[in-house]
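S.K.: This is query23.pdb (PDB, C-alpha atoms, pLDDT in the B column).
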```pdb
ATOM      1  CA  MET A   1    -186.450-111.363   1.893  1.00 68.00           C
ATOM      2  CA  ARG A   2    -183.422-110.227  -0.095  1.00 79.00           C
ATOM      3  CA  GLN A   3    -185.560-107.931  -2.283  1.00 84.00           C
ATOM      4  CA  TYR A   4    -187.197-106.347   0.788  1.00 76.00           C
ATOM      5  CA  PHE A   5    -183.807-105.682   2.405  1.00 76.00           C
ATOM      6  CA  GLN A   6    -182.386-104.210  -0.827  1.00 82.00           C
ATOM      7  CA  GLN A   7    -185.368-101.874  -1.137  1.00 79.00           C
ATOM      8  CA  ILE A   8    -184.854-100.539   2.388  1.00 78.00           C
ATOM      9  CA  THR A   9    -181.079-100.170   2.107  1.00 83.00           C
ATOM     10  CA  SER A  10    -181.279 -98.387  -1.266  1.00 86.00           C
ATOM     11  CA  GLU A  11    -182.083 -95.144   0.584  1.00 85.00           C
ATOM     12  CA  PHE A  12    -178.802 -95.274   2.519  1.00 91.00           C
ATOM     13  CA  GLU A  13    -175.310 -94.153   1.682  1.00 93.00           C
ATOM     14  CA  ARG A  14    -174.113 -96.444   4.496  1.00 94.00           C
ATOM     15  CA  VAL A  15    -176.059 -98.787   6.768  1.00 93.00           C
ATOM     16  CA  GLY A  16    -175.222-101.593   9.151  1.00 93.00           C
ATOM     17  CA  LEU A  17    -176.652-103.662  11.973  1.00 94.00           C
ATOM     18  CA  SER A  18    -174.997-104.736  15.190  1.00 97.00           C
ATOM     19  CA  GLU A  19    -176.194-107.594  17.365  1.00 98.00           C
ATOM     20  CA  ASP A  20    -176.960-106.471  20.913  1.00 98.00           C
ATOM     21  CA  PHE A  21    -178.208-109.806  22.249  1.00 98.00           C
ATOM     22  CA  VAL A  22    -178.599-113.315  20.828  1.00 98.00           C
ATOM     23  CA  SER A  23    -180.497-116.199  22.428  1.00 98.00           C
ATOM     24  CA  ILE A  24    -180.658-119.695  20.913  1.00 97.00           C
ATOM     25  CA  ALA A  25    -182.943-122.504  22.083  1.00 97.00           C
ATOM     26  CA  GLU A  26    -183.251-125.732  20.121  1.00 95.00           C
ATOM     27  CA  ASN A  27    -184.220-124.737  16.559  1.00 97.00           C
ATOM     28  CA  GLN A  28    -185.129-121.117  17.383  1.00 98.00           C
ATOM     29  CA  ALA A  29    -183.118-117.931  17.820  1.00 98.00           C
ATOM     30  CA  ALA A  30    -183.888-114.376  18.876  1.00 98.00           C
ATOM     31  CA  VAL A  31    -181.657-111.429  17.990  1.00 98.00           C
ATOM     32  CA  LYS A  32    -182.010-107.907  19.413  1.00 98.00           C
ATOM     33  CA  TRP A  33    -180.174-105.506  17.097  1.00 98.00           C
ATOM     34  CA  THR A  34    -179.400-101.831  16.536  1.00 97.00           C
ATOM     35  CA  GLY A  35    -179.081-100.270  13.104  1.00 95.00           C
ATOM     36  CA  HIS A  36    -177.007 -97.222  12.250  1.00 95.00           C
ATOM     37  CA  GLY A  37    -176.937 -95.508   8.904  1.00 94.00           C
ATOM     38  CA  VAL A  38    -176.386 -92.395   6.882  1.00 95.00           C
ATOM     39  CA  GLY A  39    -179.023 -91.612   4.292  1.00 91.00           C
ATOM     40  CA  LYS A  40    -178.314 -90.367   0.798  1.00 90.00           C
ATOM     41  CA  ASN A  41    -179.462 -87.004   2.192  1.00 89.00           C
ATOM     42  CA  GLY A  42    -176.531 -87.044   4.676  1.00 93.00           C
ATOM     43  CA  ARG A  43    -178.723 -87.476   7.757  1.00 92.00           C
ATOM     44  CA  GLU A  44    -177.798 -90.069  10.374  1.00 94.00           C
ATOM     45  CA  VAL A  45    -180.427 -92.484  11.638  1.00 93.00           C
ATOM     46  CA  THR A  46    -180.447 -95.081  14.426  1.00 94.00           C
ATOM     47  CA  PHE A  47    -183.129 -97.752  14.762  1.00 94.00           C
ATOM     48  CA  GLU A  48    -183.703-100.961  16.730  1.00 96.00           C
ATOM     49  CA  GLY A  49    -185.478-104.234  16.299  1.00 96.00           C
ATOM     50  CA  ILE A  50    -185.840-107.869  17.243  1.00 98.00           C
ATOM     51  CA  ASP A  51    -185.697-110.755  14.784  1.00 97.00           C
ATOM     52  CA  LEU A  52    -186.946-114.253  15.572  1.00 98.00           C
ATOM     53  CA  PHE A  53    -185.768-117.249  13.544  1.00 97.00           C
ATOM     54  CA  GLU A  54    -186.941-120.819  13.243  1.00 98.00           C
ATOM     55  CA  MET A  55    -184.451-123.244  11.675  1.00 97.00           C
ATOM     56  CA  SER A  56    -185.077-126.413   9.698  1.00 97.00           C
ATOM     57  CA  ASP A  57    -183.464-129.711  10.686  1.00 95.00           C
ATOM     58  CA  ASP A  58    -180.592-129.017   8.270  1.00 95.00           C
ATOM     59  CA  GLY A  59    -179.870-125.648   9.962  1.00 92.00           C
ATOM     60  CA  LYS A  60    -181.380-123.314   7.368  1.00 95.00           C
ATOM     61  CA  ILE A  61    -183.766-120.484   8.191  1.00 94.00           C
ATOM     62  CA  GLN A  62    -187.288-121.675   7.450  1.00 96.00           C
ATOM     63  CA  THR A  63    -189.221-118.832   9.103  1.00 96.00           C
ATOM     64  CA  MET A  64    -188.256-115.331  10.212  1.00 94.00           C
ATOM     65  CA  TRP A  65    -190.241-112.679  12.039  1.00 95.00           C
ATOM     66  CA  ALA A  66    -188.888-109.106  12.173  1.00 93.00           C
ATOM     67  CA  TYR A  67    -190.151-106.580  14.693  1.00 96.00           C
ATOM     68  CA  TRP A  68    -189.072-102.963  14.214  1.00 93.00           C
ATOM     69  CA  ASP A  69    -190.582 -99.559  13.528  1.00 91.00           C
ATOM     70  CA  PRO A  70    -189.789 -98.408   9.970  1.00 87.00           C
ATOM     71  CA  THR A  71    -191.306 -94.961  10.632  1.00 88.00           C
ATOM     72  CA  THR A  72    -188.102 -94.026  12.517  1.00 83.00           C
ATOM     73  CA  VAL A  73    -186.027 -94.860   9.455  1.00 86.00           C
ATOM     74  CA  ILE A  74    -188.398 -93.125   7.021  1.00 84.00           C
ATOM     75  CA  ALA A  75    -188.499 -89.960   9.135  1.00 85.00           C
ATOM     76  CA  GLY A  76    -184.709 -89.854   9.328  1.00 83.00           C
ATOM     77  CA  LEU A  77    -184.261 -90.310   5.596  1.00 84.00           C
ATOM     78  CA  GLN A  78    -186.758 -87.682   4.438  1.00 82.00           C
ATOM     79  CA  ASN A  79    -185.254 -84.490   3.032  1.00 66.00           C
TER      80      ASN A  79
END
```
Starting from the file, lay out its structure as structure tokens.

M.R.:
Amino acid sequence: MRQYFQQITSEFERVGLSEDFVSIAENQAAVKWTGHGVGKNGREVTFEGIDLFEMSDDGKIQTMWAYWDPTTVIAGLQN
């Protein structure tokens, strides 16, 4: 997961995510987020997604599903 995130963020000069909504039920969580960034080409890009998490009994993430459209990010970062 770390390698995937590093690959995506390597195209940005600056990038960050903000949590818009969080819902927790038992050992599961859902997070609706918005990303904002500036590419190495100077263009600004905004993108959204929803992540779903399932936690183990000791509170660590055991499964994660990420739903977002990377084509928005790719289009914004192209020269």

S.K.: Tell me which of A:Met55, A:Ala30, A:Val45, A:Met64 sits closest to Arg14 of chain A, counting all atoms listed in the file.

M.R.: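 Looking only at the distances to Arg14 of chain A, the closest residue turns out to be A:Val45.
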
S.K.: Which residue gives the smallest distance to Gly59 of chain A among A:Glu13, A:Asp20, A:Ala29, A:Gln3, with all atoms listed in the file counted?

M.R.: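 Using all atoms listed in the file, Gly59 of chain A sits closest to A:Ala29.
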
S.K.: Given the file shown, enumerate the residues that the PyMOL selection byres ((chain A and resi 48) around 7) captures and present them as JSON, numbers by chain.

M.R.: {"A": [33, 34, 35, 47, 49, 68]}

S.K.: Output C-alpha atoms for every residue in that selection, as a PDB file, keeping the file's coordinate frame.

M.R.:
```
ATOM      1  CA  TRP A  33    -180.174-105.506  17.097  1.00 98.00           C
ATOM      2  CA  THR A  34    -179.400-101.831  16.536  1.00 97.00           C
ATOM      3  CA  GLY A  35    -179.081-100.270  13.104  1.00 95.00           C
ATOM      4  CA  PHE A  47    -183.129 -97.752  14.762  1.00 94.00           C
ATOM      5  CA  GLY A  49    -185.478-104.234  16.299  1.00 96.00           C
ATOM      6  CA  TRP A  68    -189.072-102.963  14.214  1.00 93.00           C
TER       7      TRP A  68
END
```

S.K.: Nearest residue to Ala25 of chain A out of A:Glu54, A:Phe5, A:Lys60, A:Val73, using all atoms listed in the file?

M.R.: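 Of A:Glu54, A:Phe5, A:Lys60, A:Val73, the one nearest Ala25 of chain A, counting all atoms listed in the file, is A:Glu54.
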
S.K.: Which residue is closest to Asn41 of chain A? Choose from A:Ile61, A:Gly16, A:Ala75, A:Glu11 and count only C-alpha atoms.

M.R.: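 With only C-alpha atoms as the atom set, the closest residue is A:Glu11.
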
S.K.: Looking at all atoms listed in the file, which of A:Ser23, A:Gln28, A:Ser10, A:Ser18 is the one that sits closest to Trp65 of chain A?

M.R.: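 Closest to Trp65 of chain A, using all atoms listed in the file: A:Gln28.
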
S.K.: Determine the nearest neighbour of Ile50 of chain A from the options A:Val38, A:Ile74, A:Val15, A:Val22, counting only C-alpha atoms.

M.R.: A:Val22

S.K.: Rounded to one decimal place, report the atom CA of Thr46 of chain A-atom CA of Leu17 of chain A distance in Å.

M.R.: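 That distance, rounded to one decimal, is 9.7 Å.
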
S.K.: To test the calculation: enclose all listed atoms of segment 10-29 of chain A in a box whose edges run along x, y and z, add 8 Å on each side, then state centre and edge lengths in Å to one decimal, as AutoDock Vina command-line options.

M.R.:
```
--center_x -179.6 --center_y -109.9 --center_z 10.6 --size_x 27.0 --size_y 47.6 --size_z 39.7
```

S.K.: Please report the interatomic distance between atom CA of Ile8 of chain A and atom CA of Thr71 of chain A in Å with one decimal.

M.R.: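 That distance, rounded to one decimal, is 11.9 Å.
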
S.K.: What does the distance from atom CA of Glu19 of chain A to atom CA of Lys32 of chain A come to in Å, to one decimal?

M.R.: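 These atoms are spaced 6.2 Å apart.
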
S.K.: Would you save segment 33-62 of chain A to a file, keeping C-alpha atoms, as an mmCIF file, in the first residue's frame?

M.R.:
```cif
data_model
loop_
_atom_site.group_PDB
_atom_site.id
_atom_site.type_symbol
_atom_site.label_atom_id
_atom_site.label_comp_id
_atom_site.auth_asym_id
_atom_site.auth_seq_id
_atom_site.Cartn_x
_atom_site.Cartn_y
_atom_site.Cartn_z
ATOM 1 C CA TRP A 33 -12.269 12.340 1.428
ATOM 2 C CA THR A 34 -11.190 15.130 -0.912
ATOM 3 C CA GLY A 35 -7.681 15.453 -2.289
ATOM 4 C CA HIS A 36 -6.015 18.681 -3.351
ATOM 5 C CA GLY A 37 -2.645 18.950 -4.994
ATOM 6 C CA VAL A 38 -0.281 20.825 -7.227
ATOM 7 C CA GLY A 39 1.530 18.765 -9.825
ATOM 8 C CA LYS A 40 5.179 19.144 -10.719
ATOM 9 C CA ASN A 41 3.825 20.888 -13.834
ATOM 10 C CA GLY A 42 2.264 23.610 -11.618
ATOM 11 C CA ARG A 43 -1.332 22.595 -12.343
ATOM 12 C CA GLU A 44 -3.807 22.268 -9.480
ATOM 13 C CA VAL A 45 -5.963 19.166 -9.206
ATOM 14 C CA THR A 46 -8.865 18.210 -6.930
ATOM 15 C CA PHE A 47 -10.171 14.656 -6.607
ATOM 16 C CA GLU A 48 -12.499 12.688 -4.323
ATOM 17 C CA GLY A 49 -12.872 9.182 -3.050
ATOM 18 C CA ILE A 50 -14.198 6.814 -0.430
ATOM 19 C CA ASP A 51 -12.063 4.381 1.550
ATOM 20 C CA LEU A 52 -13.476 1.429 3.476
ATOM 21 C CA PHE A 53 -11.474 -0.224 6.258
ATOM 22 C CA GLU A 54 -11.830 -3.460 8.158
ATOM 23 C CA MET A 55 -9.852 -3.686 11.410
ATOM 24 C CA SER A 56 -8.417 -6.721 13.164
ATOM 25 C CA ASP A 57 -9.205 -7.454 16.811
ATOM 26 C CA ASP A 58 -6.032 -5.607 17.856
ATOM 27 C CA GLY A 59 -7.149 -2.450 15.979
ATOM 28 C CA LYS A 60 -4.883 -2.700 12.937
ATOM 29 C CA ILE A 61 -6.084 -2.336 9.358
ATOM 30 C CA GLN A 62 -6.463 -5.814 7.896
#
```
